[in-house]
Amino acid sequence: MTRIFSGIKPTGHLTLGNYVGAVRKWVEEDQHRADALFAVVDLHALTVEHDPARVRRLSRQAATLLLAAGLDPERCVLFVQSHVDEHARLSYLLECTATDGEMRRMIQYKEKAARERERGGSVRLSLLTYPVLMAADILAYQADEVPVGDDQAQHVELTRDLAVRFNQRYGHTFTVPKATHPAVGARVMNLQDPTAKMGKSDDAGPGVVHLLDEPDAVRRKVMRAVTDSGRDVVYDREGRPGLANLLEVLAACTGAGDPAELAEGYTSYGALKRDVADAVVELLRPLRERHAELVADPAYVDGVLREGAGRARAMARPVVDRAYRAVGLLPAV
């Protein structure tokens, strides 16, 4: 069976964009068709300044929301990255395989480092090397496929390069994975800036709908969404990005077809926004209700994460031990 690995970083509250762009596909497709592992990749949250208590809180919230969304521990492995030591063990071997030039060419590093410097902050070494940790996340499990958005595709290419290089130098050790991408239109953009994705790190932004937002908050954010100039309702991703985003959200939430076709049914922005707000509220309602049930049963969530880490460790340890032997490290006695 095909093996899939994917993770979500606890750097903010999960958003509608996270759900529509990734989590829903994990729930509806990936966990049923493949040997699937899903991780809360908390080590990746340490690459920038952070509040330790907040990272712990968001890590647990993310795991609980993934269960609430429908990930089934009987069908997939759900765990927290830092609970499995093999991620960090393998990351160092891959740092010894990667080059400085490869790391500095990563687009996300360039962008995030520039923003950090603009704020007057120092750039952590881990921000430069975290794509290697991401490669370790994937290669430790011999994953065949990695579902990612466009912004992470370069990191999967690096993972492929490192796997090939390691295999050539030290003998075949790792499966070379491939990236898989969500369907066109699955990317939800910020309601106030439709040229930027709806990111979970922008916690206070009025253009970001979080999975745990109350219905009134969801409606308020949607009704205030940017809709561009003009009065007619048409789907034009380049010329009318705000309106296009609303139509794409409606299509994604309702499964009601093509955004361009949906546009033909509206003569005003107000009617469209009301329908989008209703659709988002209804999409999130069962998730929020299930989340409340799981929060009331922390022992269940703890058990899922404990069992998931055990299953993940059993998969990863033989692979990482083999990699340690391959590079010449003396086995422990």
# chains A, B, ... in the order shown; residues from 1 in each chain; ligands from 1

call {"tool": "residues_around", "arguments": {"residues": "range 275-280 of chain A", "least_positions_apart": "4", "cutoff": "6 Å", "atoms": "only C-alpha atoms", "output": "tab-separated table (two decimals) with all heavy atoms, in the first residue's frame"}}
result
chain	number	residue	atom	x	y	z
A	219	ARG	N	-19.47	34.93	10.38
A	219	ARG	CA	-20.33	35.76	9.53
A	219	ARG	C	-19.77	37.18	9.42
A	219	ARG	O	-19.77	37.78	8.33
A	219	ARG	CB	-21.75	35.79	10.09
A	219	ARG	CG	-22.45	34.45	10.06
A	219	ARG	CD	-23.88	34.55	10.58
A	219	ARG	NE	-24.47	33.24	10.79
A	219	ARG	CZ	-24.94	32.47	9.80
A	219	ARG	NH1	-24.91	32.92	8.55
A	219	ARG	NH2	-25.44	31.28	10.07
A	222	VAL	N	-16.75	37.19	7.01
A	222	VAL	CA	-17.13	37.00	5.61
A	222	VAL	C	-17.84	38.24	5.07
A	222	VAL	O	-17.57	38.69	3.95
A	222	VAL	CB	-18.02	35.75	5.45
A	222	VAL	CG1	-18.56	35.66	4.01
A	222	VAL	CG2	-17.23	34.49	5.79
A	250	LEU	N	-17.06	29.32	-1.47
A	250	LEU	CA	-18.42	28.77	-1.57
A	250	LEU	C	-18.39	27.41	-2.26
A	250	LEU	O	-19.04	26.45	-1.81
A	250	LEU	CB	-19.32	29.74	-2.33
A	250	LEU	CG	-20.78	29.33	-2.48
A	250	LEU	CD1	-21.45	29.17	-1.11
A	250	LEU	CD2	-21.55	30.36	-3.32
A	253	CYS	N	-16.81	24.79	0.09
A	253	CYS	CA	-17.61	24.45	1.27
A	253	CYS	C	-18.86	23.65	0.92
A	253	CYS	O	-19.33	22.83	1.72
A	253	CYS	CB	-18.01	25.71	2.02
A	253	CYS	SG	-16.63	26.53	2.88

call {"tool": "residues_around", "arguments": {"residues": "range 188-190 of chain A", "least_positions_apart": "3", "cutoff": "8 Å", "atoms": "only C-alpha atoms", "output": "list in words"}}
result
Leu16, Gly17, Val20, Gly21, Gly185, Asp193, Pro194, Thr195, Ala196, Lys197, Met198, Gly199, Gly207, Val208, Asn245, Glu248 and Val249 of chain A

call {"tool": "select_by_dssp", "arguments": {"residues": "range 236-321 of chain A", "states": "helix (DSSP H, G or I)", "output": "PyMOL selection string"}}
result
chain A and resi 241-254+259-263+269-295+298-321

call {"tool": "closest_residue", "arguments": {"among": "A:Leu93, A:Ala69, A:Val333, A:Ala225", "to": "Pro241 in chain A", "atoms": "only C-alpha atoms"}}
result
A:Ala225

call {"tool": "residues_around", "arguments": {"residues": "range 161-168 of chain A", "least_positions_apart": "3", "cutoff": "12 Å", "atoms": "only C-alpha atoms", "output": "number ranges by chain"}}
result
A: 90-91, 93-99, 102-103, 131-136, 138-140, 142-144, 154-158, 171-178, 322-324, 326-327

call {"tool": "closest_residue", "arguments": {"among": "A:Thr129, A:Thr159, A:Ser6, A:Thr64", "to": "Thr180 in chain A", "atoms": "only C-alpha atoms"}}
result
A:Ser6

call {"tool": "residues_around", "arguments": {"residues": "range 31-36 of chain A", "least_positions_apart": "2", "cutoff": "7 Å", "atoms": "only C-alpha atoms", "output": "PDB file with N, CA and C atoms, in the first residue's frame"}}
result
ATOM      1  N   MET A   1       0.841  -1.199   0.000  1.00  0.00           N
ATOM      2  CA  MET A   1       0.000   0.000   0.000  1.00  0.00           C
ATOM      3  C   MET A   1       0.873   1.245   0.000  1.00  0.00           C
ATOM      4  N   THR A   2       0.450   2.265  -0.731  1.00  0.00           N
ATOM      5  CA  THR A   2       1.150   3.554  -0.742  1.00  0.00           C
ATOM      6  C   THR A   2       1.205   4.128   0.657  1.00  0.00           C
ATOM      7  N   ARG A   3       2.364   4.686   1.039  1.00  0.00           N
ATOM      8  CA  ARG A   3       2.494   5.318   2.348  1.00  0.00           C
ATOM      9  C   ARG A   3       2.549   6.833   2.186  1.00  0.00           C
ATOM     10  N   ILE A   4       1.781   7.530   3.004  1.00  0.00           N
ATOM     11  CA  ILE A   4       1.689   8.990   2.966  1.00  0.00           C
ATOM     12  C   ILE A   4       2.144   9.550   4.306  1.00  0.00           C
ATOM     13  N   PHE A   5       2.914  10.631   4.262  1.00  0.00           N
ATOM     14  CA  PHE A   5       3.216  11.387   5.476  1.00  0.00           C
ATOM     15  C   PHE A   5       2.865  12.845   5.238  1.00  0.00           C
ATOM     16  N   TRP A  26      -7.144  14.731   3.775  1.00  0.00           N
ATOM     17  CA  TRP A  26      -6.602  13.673   4.620  1.00  0.00           C
ATOM     18  C   TRP A  26      -7.734  12.790   5.140  1.00  0.00           C
ATOM     19  N   VAL A  27      -8.817  13.433   5.576  1.00  0.00           N
ATOM     20  CA  VAL A  27      -9.933  12.719   6.189  1.00  0.00           C
ATOM     21  C   VAL A  27     -10.732  11.916   5.157  1.00  0.00           C
ATOM     22  N   GLU A  29     -10.020  11.186   1.867  1.00  0.00           N
ATOM     23  CA  GLU A  29      -9.347  10.358   0.868  1.00  0.00           C
ATOM     24  C   GLU A  29      -8.126   9.623   1.407  1.00  0.00           C
ATOM     25  N   PHE A  38       0.006  11.129  10.022  1.00  0.00           N
ATOM     26  CA  PHE A  38      -0.205  12.566  10.140  1.00  0.00           C
ATOM     27  C   PHE A  38       0.365  13.034  11.470  1.00  0.00           C
ATOM     28  N   ARG A  75      -7.544   3.897  11.265  1.00  0.00           N
ATOM     29  CA  ARG A  75      -7.190   3.914   9.845  1.00  0.00           C
ATOM     30  C   ARG A  75      -5.844   4.573   9.570  1.00  0.00           C
ATOM     31  N   CYS A  76      -5.403   5.451  10.465  1.00  0.00           N
ATOM     32  CA  CYS A  76      -4.172   6.200  10.225  1.00  0.00           C
ATOM     33  C   CYS A  76      -3.393   6.310  11.524  1.00  0.00           C
ATOM     34  N   VAL A  77      -2.190   6.858  11.437  1.00  0.00           N
ATOM     35  CA  VAL A  77      -1.360   7.092  12.610  1.00  0.00           C
ATOM     36  C   VAL A  77      -1.310   8.599  12.851  1.00  0.00           C
TER      37      VAL A  77
END

call {"tool": "atom_distance", "arguments": {"atom1": "CA of Gly239 in chain A", "atom2": "CA of Tyr269 in chain A"}}
result
16.0 Å
